[in-house]
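Data block for entry38.pdb (PDB, C-alpha atoms and all ligand atoms):
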```pdb
ATOM      1  CA  MET P  20       0.000   0.000   0.000
ATOM      2  CA  ARG P  21       1.174   3.489  -0.800
ATOM      3  CA  ILE P  22       0.153   6.481   1.351
ATOM      4  CA  ASP P  23       1.032  10.036   0.314
ATOM      5  CA  ILE P  24       0.556  12.827   2.824
ATOM      6  CA  ILE P  25       0.377  16.525   1.964
ATOM      7  CA  SER P  26       1.318  18.737   4.893
ATOM      8  CA  VAL P  27       2.500  22.253   5.768
ATOM      9  CA  GLN P  28       4.386  20.781   8.733
ATOM     10  CA  PRO P  29       6.139  17.703   7.287
ATOM     11  CA  GLY P  30       8.578  17.690  10.215
ATOM     12  CA  LEU P  31       5.721  16.575  12.457
ATOM     13  CA  LEU P  32       5.536  13.359  10.445
ATOM     14  CA  GLU P  33       9.235  12.479  10.500
ATOM     15  CA  SER P  34       9.135  10.254  13.556
ATOM     16  CA  PRO P  35       5.831   8.313  13.622
ATOM     17  CA  PHE P  36       6.674   6.141  10.614
ATOM     18  CA  SER P  37      10.326   5.537  11.541
ATOM     19  CA  HIS P  38       9.764   3.166  14.456
ATOM     20  CA  SER P  39       8.360  -0.169  15.395
ATOM     21  CA  ILE P  40       5.614  -1.738  13.292
ATOM     22  CA  LEU P  41       5.302   0.958  10.628
ATOM     23  CA  LYS P  42       9.058   1.028  10.139
ATOM     24  CA  ARG P  43       9.062  -2.749   9.686
ATOM     25  CA  ALA P  44       6.097  -2.582   7.302
ATOM     26  CA  GLN P  45       8.043  -0.171   5.108
ATOM     27  CA  ALA P  46      11.246  -2.214   5.343
ATOM     28  CA  LYS P  47       9.285  -5.287   4.188
ATOM     29  CA  GLY P  48       7.925  -3.297   1.238
ATOM     30  CA  LEU P  49       4.336  -3.689   2.432
ATOM     31  CA  LEU P  50       3.794   0.006   3.073
ATOM     32  CA  ASP P  51       5.287   3.100   1.488
ATOM     33  CA  VAL P  52       4.546   6.417   3.229
ATOM     34  CA  GLN P  53       5.668   9.599   1.482
ATOM     35  CA  VAL P  54       5.255  13.047   3.023
ATOM     36  CA  HIS P  55       5.082  16.102   0.741
ATOM     37  CA  ASN P  56       5.660  19.673   1.838
ATOM     38  CA  LEU P  57       2.776  21.827   0.621
ATOM     39  CA  ARG P  58       5.095  24.841   0.431
ATOM     40  CA  ASP P  59       6.962  23.159  -2.437
ATOM     41  CA  PHE P  60       3.792  23.695  -4.487
ATOM     42  CA  SER P  61       3.381  27.409  -3.744
ATOM     43  CA  ASP P  62       4.225  29.809  -6.585
ATOM     44  CA  LEU P  63       4.332  32.772  -4.222
ATOM     45  CA  LYS P  64       7.551  34.499  -3.271
ATOM     46  CA  HIS P  65       7.594  33.489   0.377
ATOM     47  CA  LYS P  66       6.102  30.048  -0.299
ATOM     48  CA  GLN P  67       2.891  31.248   1.303
ATOM     49  CA  VAL P  68       0.116  28.639   1.479
ATOM     50  CA  ASP P  69      -2.550  30.460   3.518
ATOM     51  CA  ASP P  70      -4.593  33.625   3.155
ATOM     52  CA  TYR P  71      -7.289  35.671   4.913
ATOM     53  CA  GLN P  72     -10.805  34.310   4.687
ATOM     54  CA  PHE P  73     -13.426  36.010   2.539
ATOM     55  CA  GLY P  74     -16.144  37.560   4.670
ATOM     56  CA  GLY P  75     -13.663  38.464   7.395
ATOM     57  CA  GLY P  76     -12.993  36.790  10.711
ATOM     58  CA  ALA P  77      -9.956  35.592  12.587
ATOM     59  CA  GLY P  78      -7.800  32.786  11.234
ATOM     60  CA  MET P  79      -6.213  31.971   7.914
ATOM     61  CA  VAL P  80      -7.429  29.507   5.314
ATOM     62  CA  MET P  81      -5.230  27.117   3.303
ATOM     63  CA  MET P  82      -5.198  28.386  -0.269
ATOM     64  CA  LEU P  83      -6.653  26.525  -3.184
ATOM     65  CA  GLU P  84      -3.773  26.762  -5.692
ATOM     66  CA  PRO P  85      -0.906  25.018  -3.846
ATOM     67  CA  VAL P  86      -3.203  22.238  -2.612
ATOM     68  CA  VAL P  87      -4.635  21.657  -6.107
ATOM     69  CA  LYS P  88      -1.147  21.718  -7.595
ATOM     70  CA  ALA P  89       0.097  19.165  -5.039
ATOM     71  CA  ILE P  90      -2.894  16.861  -5.542
ATOM     72  CA  GLU P  91      -2.739  17.029  -9.343
ATOM     73  CA  HIS P  92       1.018  16.443  -9.316
ATOM     74  CA  LEU P  93       0.549  13.286  -7.248
ATOM     75  CA  GLN P  94      -2.444  12.183  -9.333
ATOM     76  CA  SER P  95      -0.295  12.442 -12.467
ATOM     77  CA  GLU P  96       1.931   9.717 -10.978
ATOM     78  CA  ARG P  97      -0.764   7.298  -9.758
ATOM     79  CA  SER P  98      -4.481   7.152  -9.187
ATOM     80  CA  TYR P  99      -5.798   7.237  -5.640
ATOM     81  CA  ASP P 100      -8.544   5.093  -4.162
ATOM     82  CA  GLU P 101      -9.372   7.869  -1.702
ATOM     83  CA  ILE P 102      -8.295  11.450  -1.114
ATOM     84  CA  ILE P 103      -8.815  11.891   2.601
ATOM     85  CA  TYR P 104      -8.978  15.230   4.379
ATOM     86  CA  LEU P 105      -8.205  15.045   8.110
ATOM     87  CA  THR P 106     -10.587  17.413   9.847
ATOM     88  CA  PRO P 107     -12.473  17.549  13.155
ATOM     89  CA  ASP P 108     -15.784  17.719  11.242
ATOM     90  CA  GLY P 109     -15.164  14.477   9.320
ATOM     91  CA  GLU P 110     -16.625  11.047  10.140
ATOM     92  CA  THR P 111     -15.089   9.713  13.333
ATOM     93  CA  LEU P 112     -12.396   7.097  12.748
ATOM     94  CA  ASN P 113     -13.261   3.646  14.035
ATOM     95  CA  GLN P 114     -12.112   0.071  13.449
ATOM     96  CA  PRO P 115     -14.468  -0.679  10.503
ATOM     97  CA  ILE P 116     -13.154   2.426   8.673
ATOM     98  CA  ALA P 117      -9.536   1.373   9.354
ATOM     99  CA  ASN P 118     -10.324  -2.168   8.141
ATOM    100  CA  GLN P 119     -11.910  -0.824   4.962
ATOM    101  CA  LEU P 120      -9.019   1.553   4.193
ATOM    102  CA  SER P 121      -6.398  -1.155   4.834
ATOM    103  CA  LEU P 122      -7.727  -2.962   1.739
ATOM    104  CA  LYS P 123      -6.959  -0.009  -0.571
ATOM    105  CA  GLY P 124      -3.904   0.364  -2.785
ATOM    106  CA  ASN P 125      -3.143   4.108  -2.826
ATOM    107  CA  LEU P 126      -4.337   6.726  -0.372
ATOM    108  CA  LEU P 127      -3.712  10.462  -0.405
ATOM    109  CA  LEU P 128      -4.047  12.237   2.946
ATOM    110  CA  LEU P 129      -4.424  15.976   3.226
ATOM    111  CA  CYS P 130      -3.625  17.612   6.550
ATOM    112  CA  GLY P 131      -5.514  20.786   7.419
ATOM    113  CA  HIS P 132      -4.047  23.759   9.269
ATOM    114  CA  TYR P 133      -5.195  27.181  10.397
ATOM    115  CA  LYS P 134      -8.962  27.505   9.837
ATOM    116  CA  GLY P 135      -8.888  24.620   7.352
ATOM    117  CA  ILE P 136      -8.766  24.344   3.569
ATOM    118  CA  ASP P 137     -10.706  26.318   0.971
ATOM    119  CA  GLU P 138     -14.080  24.588   0.690
ATOM    120  CA  ARG P 139     -13.697  24.113  -3.096
ATOM    121  CA  ILE P 140     -10.927  21.565  -2.482
ATOM    122  CA  ARG P 141     -13.341  19.550  -0.372
ATOM    123  CA  GLU P 142     -16.006  19.802  -3.066
ATOM    124  CA  HIS P 143     -13.830  18.908  -6.045
ATOM    125  CA  PHE P 144     -11.036  16.634  -4.817
ATOM    126  CA  VAL P 145     -11.647  15.166  -1.374
ATOM    127  CA  THR P 146     -13.474  11.827  -1.420
ATOM    128  CA  ARG P 147     -13.570  11.208   2.321
ATOM    129  CA  GLU P 148     -13.218  13.314   5.481
ATOM    130  CA  ILE P 149     -11.990  11.742   8.698
ATOM    131  CA  SER P 150     -11.731  12.993  12.276
ATOM    132  CA  ILE P 151      -9.863  11.107  14.988
ATOM    133  CA  GLY P 152     -12.190  12.400  17.698
ATOM    134  CA  ASP P 153     -14.288  15.302  18.887
ATOM    135  CA  TYR P 154     -11.466  17.630  19.880
ATOM    136  CA  VAL P 155      -9.450  20.095  17.869
ATOM    137  CA  LEU P 156      -5.759  19.480  17.163
ATOM    138  CA  SER P 157      -3.471  22.218  15.892
ATOM    139  CA  GLY P 158      -3.292  20.483  12.519
ATOM    140  CA  GLY P 159      -4.151  17.273  10.726
ATOM    141  CA  GLU P 160      -0.642  15.751  10.915
ATOM    142  CA  LEU P 161      -1.062  13.873  14.186
ATOM    143  CA  ALA P 162      -4.473  12.690  13.004
ATOM    144  CA  ALA P 163      -2.855  11.457   9.761
ATOM    145  CA  ALA P 164      -0.229   9.598  11.803
ATOM    146  CA  VAL P 165      -2.970   7.934  13.859
ATOM    147  CA  LEU P 166      -4.836   6.952  10.701
ATOM    148  CA  VAL P 167      -1.718   5.516   9.018
ATOM    149  CA  ASP P 168      -0.912   3.532  12.161
ATOM    150  CA  ALA P 169      -4.455   2.146  12.431
ATOM    151  CA  ILE P 170      -4.420   1.155   8.744
ATOM    152  CA  GLY P 171      -0.786   0.044   8.414
ATOM    153  CA  ARG P 172      -0.881  -2.585  11.126
ATOM    154  CA  LEU P 173      -3.828  -4.278   9.385
ATOM    155  CA  ILE P 174      -2.008  -4.849   6.089
ATOM    156  CA  PRO P 175      -1.432  -8.623   5.767
ATOM    157  CA  GLY P 176       2.117  -9.544   6.733
ATOM    158  CA  VAL P 177       2.778  -6.395   8.765
ATOM    159  CA  LEU P 178       2.133  -7.926  12.178
ATOM    160  CA  ASN P 179       4.298 -10.923  13.067
ATOM    161  CA  ASP P 180       1.392 -12.969  14.298
ATOM    162  CA  GLU P 181      -1.007 -12.786  11.349
ATOM    163  CA  THR P 182      -3.949 -13.430  13.599
ATOM    164  CA  SER P 183      -3.276 -10.883  16.287
ATOM    165  CA  ALA P 184      -5.133  -7.967  14.682
ATOM    166  CA  LEU P 185      -8.218 -10.196  14.693
ATOM    167  CA  PHE P 186      -8.207 -10.137  18.472
ATOM    168  CA  ASP P 187      -7.863  -6.402  18.885
ATOM    169  CA  SER P 188     -10.368  -4.491  20.900
ATOM    170  CA  PHE P 189     -13.177  -3.323  18.599
ATOM    171  CA  GLN P 190     -12.752  -6.011  15.918
ATOM    172  CA  ASP P 191     -15.776  -7.771  17.419
ATOM    173  CA  ASN P 192     -17.274  -4.717  19.155
ATOM    174  CA  LEU P 193     -15.738  -5.976  22.403
ATOM    175  CA  LEU P 194     -12.935  -4.362  24.363
ATOM    176  CA  ALA P 195      -9.898  -6.548  25.036
ATOM    177  CA  PRO P 196      -9.799  -8.737  28.175
ATOM    178  CA  PRO P 197      -7.114  -8.147  30.865
ATOM    179  CA  VAL P 198      -3.628  -9.545  30.154
ATOM    180  CA  TYR P 199      -0.839 -10.640  32.500
ATOM    181  CA  THR P 200       2.806 -11.701  32.264
ATOM    182  CA  ARG P 201       5.457 -12.920  34.727
ATOM    183  CA  PRO P 202       5.761 -13.025  37.698
ATOM    184  CA  GLU P 203       2.726 -15.095  38.688
ATOM    185  CA  GLU P 204       2.607 -13.218  41.976
ATOM    186  CA  PHE P 205       3.814  -9.722  42.893
ATOM    187  CA  ARG P 206       3.176  -8.160  46.321
ATOM    188  CA  GLY P 207       0.471 -10.755  46.828
ATOM    189  CA  TRP P 208      -1.285  -9.710  43.572
ATOM    190  CA  LYS P 209      -1.954 -12.963  41.746
ATOM    191  CA  VAL P 210      -2.557 -13.818  38.116
ATOM    192  CA  PRO P 211      -6.028 -15.442  37.788
ATOM    193  CA  ASP P 212      -5.688 -19.226  38.197
ATOM    194  CA  VAL P 213      -7.496 -19.993  34.953
ATOM    195  CA  LEU P 214      -4.721 -18.381  32.893
ATOM    196  CA  LEU P 215      -2.199 -20.785  34.447
ATOM    197  CA  SER P 216      -4.424 -23.840  33.984
ATOM    198  CA  GLY P 217      -3.344 -24.730  30.427
ATOM    199  CA  ASP P 218      -7.008 -25.362  29.579
ATOM    200  CA  HIS P 219      -7.421 -23.295  26.415
ATOM    201  CA  ARG P 220     -11.167 -23.690  26.178
ATOM    202  CA  LYS P 221     -11.585 -22.379  29.731
ATOM    203  CA  ILE P 222      -9.084 -19.590  29.060
ATOM    204  CA  GLY P 223     -10.998 -18.613  25.916
ATOM    205  CA  GLU P 224     -14.271 -18.519  27.838
ATOM    206  CA  TRP P 225     -12.725 -16.502  30.680
ATOM    207  CA  ARG P 226     -11.295 -13.977  28.210
ATOM    208  CA  HIS P 227     -14.604 -13.664  26.432
ATOM    209  CA  ASP P 228     -16.498 -13.160  29.693
ATOM    210  CA  LYS P 229     -14.012 -10.508  30.838
ATOM    211  CA  ALA P 230     -14.241  -8.751  27.466
ATOM    212  CA  VAL P 231     -18.033  -8.695  27.733
ATOM    213  CA  GLU P 232     -17.865  -7.421  31.325
ATOM    214  CA  ARG P 233     -15.393  -4.656  30.395
ATOM    215  CA  THR P 234     -17.440  -3.631  27.363
ATOM    216  CA  ARG P 235     -20.657  -3.522  29.396
ATOM    217  CA  GLN P 236     -18.975  -1.312  32.002
ATOM    218  CA  ARG P 237     -17.096   1.029  29.656
ATOM    219  CA  ARG P 238     -18.944   1.081  26.309
ATOM    220  CA  THR P 239     -22.642   0.701  26.865
ATOM    221  CA  ARG P 240     -23.495   1.405  23.194
ATOM    222  CA  SER P 241     -21.007  -1.076  21.728
ATOM    223  CA  PHE P 242     -22.282  -3.626  24.202
ATOM    224  CA  GLU P 243     -25.814  -3.191  22.917
ATOM    225  CA  MET P 244     -24.524  -3.660  19.336
ATOM    226  CA  LYS P 245     -22.628  -6.737  20.440
ATOM    227  CA  ILE P 246     -25.512  -8.567  22.069
ATOM    228  CA  GLN P 247     -27.522  -8.154  18.872
ATOM    229  CA  ASN P 248     -24.924 -10.455  17.280
ATOM    230  CA  PRO P 249     -25.092 -13.729  19.292
ATOM    231  CA  ILE P 250     -22.935 -15.752  16.869
ATOM    232  CA  THR P 251     -19.769 -13.900  17.885
ATOM    233  CA  LYS P 252     -19.100 -15.774  21.130
ATOM    234  CA  HIS P 253     -18.867 -19.015  19.196
ATOM    235  CA  GLN P 254     -16.650 -17.387  16.553
ATOM    236  CA  ILE P 255     -14.276 -15.983  19.154
ATOM    237  CA  LEU P 256     -13.952 -19.305  20.939
ATOM    238  CA  HIS P 257     -13.311 -21.014  17.629
ATOM    239  CA  ALA P 258     -10.581 -18.478  16.781
ATOM    240  CA  TRP P 259      -8.877 -18.930  20.166
ATOM    241  CA  MET P 260      -8.879 -22.689  19.634
ATOM    242  CA  ILE P 261      -7.193 -22.282  16.234
ATOM    243  CA  VAL P 262      -4.440 -20.152  17.711
ATOM    244  CA  PHE P 263      -3.720 -22.103  20.861
ATOM    245  CA  CYS P 264      -4.691 -25.716  20.216
TER     246      CYS P 264
HETATM  247  N1  LIG X 301      -7.426  18.395  12.619
HETATM  248  C1  LIG X 301      -7.627  19.064  13.752
HETATM  249  N2  LIG X 301      -8.287  18.360  14.645
HETATM  250  C2  LIG X 301      -8.529  17.143  14.068
HETATM  251  C3  LIG X 301      -9.187  15.962  14.488
HETATM  252  N3  LIG X 301      -9.757  15.865  15.690
HETATM  253  N4  LIG X 301      -9.230  14.928  13.636
HETATM  254  C4  LIG X 301      -8.688  15.023  12.398
HETATM  255  N5  LIG X 301      -8.054  16.110  11.955
HETATM  256  C5  LIG X 301      -7.970  17.170  12.772
END
```
How does the structure come out when it is put into structure tokens?
Ligand code: ADE
Amino acid sequence: MRIDIISVQPGLLESPFSHSILKRAQAKGLLDVQVHNLRDFSDLKHKQVDDYQFGGGAGMVMMLEPVVKAIEHLQSERSYDEIIYLTPDGETLNQPIANQLSLKGNLLLLCGHYKGIDERIREHFVTREISIGDYVLSGGELAAAVLVDAIGRLIPGVLNDETSALFDSFQDNLLAPPVYTRPEEFRGWKVPDVLLSGDHRKIGEWRHDKAVERTRQRRTRSFEMKIQNPITKHQILHAWMIVFC
């Protein structure tokens, strides 16, 4: 998968893709992330990319010309499945959206700054608008990094254990169950006996019950969605058996 990102602050995106899973994904040739500086597409003397908004009011708006030039330059090299604008008024990112986008070949992400981009770019180029939550960041770069991370780890072959993304919180509308590692006891705090039992069916059931309990407590809405889908408990147990038995 190829992901191009257009940004006025490319420095903000230097680190997130140079570590851990996304670094490995790129090294394996499964993911290619390229960041483009919007200022390189400005024809103005001081590489200006923003201007005052028509109608007055505080805050600058990202200008049409450099953004269009950047998009059209990239489109001349490849076609994009989606041109995504990161903005607090987009649809809120969730696991189904990440799953869907991880199946695409080429994505172009556009990071907003200041008051946002000229509306005509949204009307004529952007195919999807995504927010990472109902709060306002100082720009779309960190949101783009979150989106690339959520997508990148789902690309087949990126995670070592091919199955592990299947067990993430949210893949089945359930939050993840508690996890433990050594030592078995610390300051009298013990790991639940069932996890030491070696009985994978029981462990699977315990994990499922804990996931349900946690979801009921912390995500009432997802829990309601979940209980409308009674087949999932069987599916989860089946998946655990495949992995551990
Ligand atoms: N830009 C600023 N805030 C944002 C958010 N919450 N999500 C996506 N892009 C943004």
**Request:** Could you list the residues chosen by the PyMOL selection byres (((not hetatm)) within 7 of (chain X and resi 301)) in this structure as a VMD selection string?
**Result:** chain P and resid 105 to 107 131 149 to 159 162
**Request:** Using the chain letters and residue numbers of this document, give as a ChimeraX atom specification the residues selected by the PyMOL selection byres (((chain P and resi 35) around 12) and not hetatm).
**Result:** /P:29-34,36-42,52,54,160-168,171
**Request:** Extract, using only C-alpha atoms, all DNA, RNA and protein residues at most 12 Å from P:Glu91, discarding same-chain residues fewer than 4 positions from it, and format them as a list in words.
**Result:** Ile25, Phe60, Leu83, Glu84, Pro85, Val86, Val87, Ser95, Glu96, Arg97, Ser98, Tyr99, Ile102, Leu127, Ile140, His143 and Phe144 of chain P
Same residues, C-alpha atoms, output as a short mmCIF file (atom, residue, chain, number, x, y, z; two decimals), keeping the file's coordinate frame:
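Wrote it out as selection_20.cif, contents follow:
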```
data_model
loop_
_atom_site.label_atom_id
_atom_site.label_comp_id
_atom_site.auth_asym_id
_atom_site.auth_seq_id
_atom_site.Cartn_x
_atom_site.Cartn_y
_atom_site.Cartn_z
CA ILE P 25 0.38 16.52 1.96
CA PHE P 60 3.79 23.70 -4.49
CA LEU P 83 -6.65 26.52 -3.18
CA GLU P 84 -3.77 26.76 -5.69
CA PRO P 85 -0.91 25.02 -3.85
CA VAL P 86 -3.20 22.24 -2.61
CA VAL P 87 -4.64 21.66 -6.11
CA SER P 95 -0.30 12.44 -12.47
CA GLU P 96 1.93 9.72 -10.98
CA ARG P 97 -0.76 7.30 -9.76
CA SER P 98 -4.48 7.15 -9.19
CA TYR P 99 -5.80 7.24 -5.64
CA ILE P 102 -8.30 11.45 -1.11
CA LEU P 127 -3.71 10.46 -0.40
CA ILE P 140 -10.93 21.56 -2.48
CA HIS P 143 -13.83 18.91 -6.04
CA PHE P 144 -11.04 16.63 -4.82
#
```
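Residues matched by the PyMOL selection byres (((chain P and resi 195) around 10) and not hetatm) in this file: Phe186, Asp187, Ser188, Phe189, Gln190, Asp191, Asn192, Leu193, Leu194, Pro196, Pro197, Val198, Arg226, His227, Lys229, Ala230, Val231, Arg233 and Thr234 of chain P.
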**Asked** Excluding same-chain residues fewer than 4 positions from P:Val213, what lies within 8 Å of it counting all atoms listed in the file, as a count of residues only?
**Response** 5
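For the choices P:Asp228, P:Glu148, P:Asp23, P:Leu49, the atom-to-atom distance to P:Gln94 is smallest for P:Asp23 when using all atoms listed in the file.
Proximity to P:Ile22 was assessed for P:Gln119, P:Gln67, P:Thr239, P:Asn125 counting only C-alpha atoms; the smallest distance is recorded for P:Asn125.
Straight-line separation from atom CA of P:Glu203 to atom CA of P:Arg235: 27.7 Å.
Among the candidates P:Asn113, P:Ser216, P:Gln236, P:Asn179, the one nearest to P:Lys47 when counting all atoms listed in the file is P:Asn179.
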Box in all listed atoms of stretch 207-224 of chain P, axis-aligned, with 5 Å more on each side; write out centre and edge lengths in Å to one decimal as lines of an AutoDock Vina configuration file.
```
center_x = -6.9
center_y = -17.5
center_z = 36.4
size_x = 24.7
size_y = 25.7
size_z = 30.9
```
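Using all atoms listed in the file for every distance, the candidate list P:Leu178, P:Leu126, P:Leu173, P:Met20 yields P:Leu126 as the residue closest to P:Ile103.
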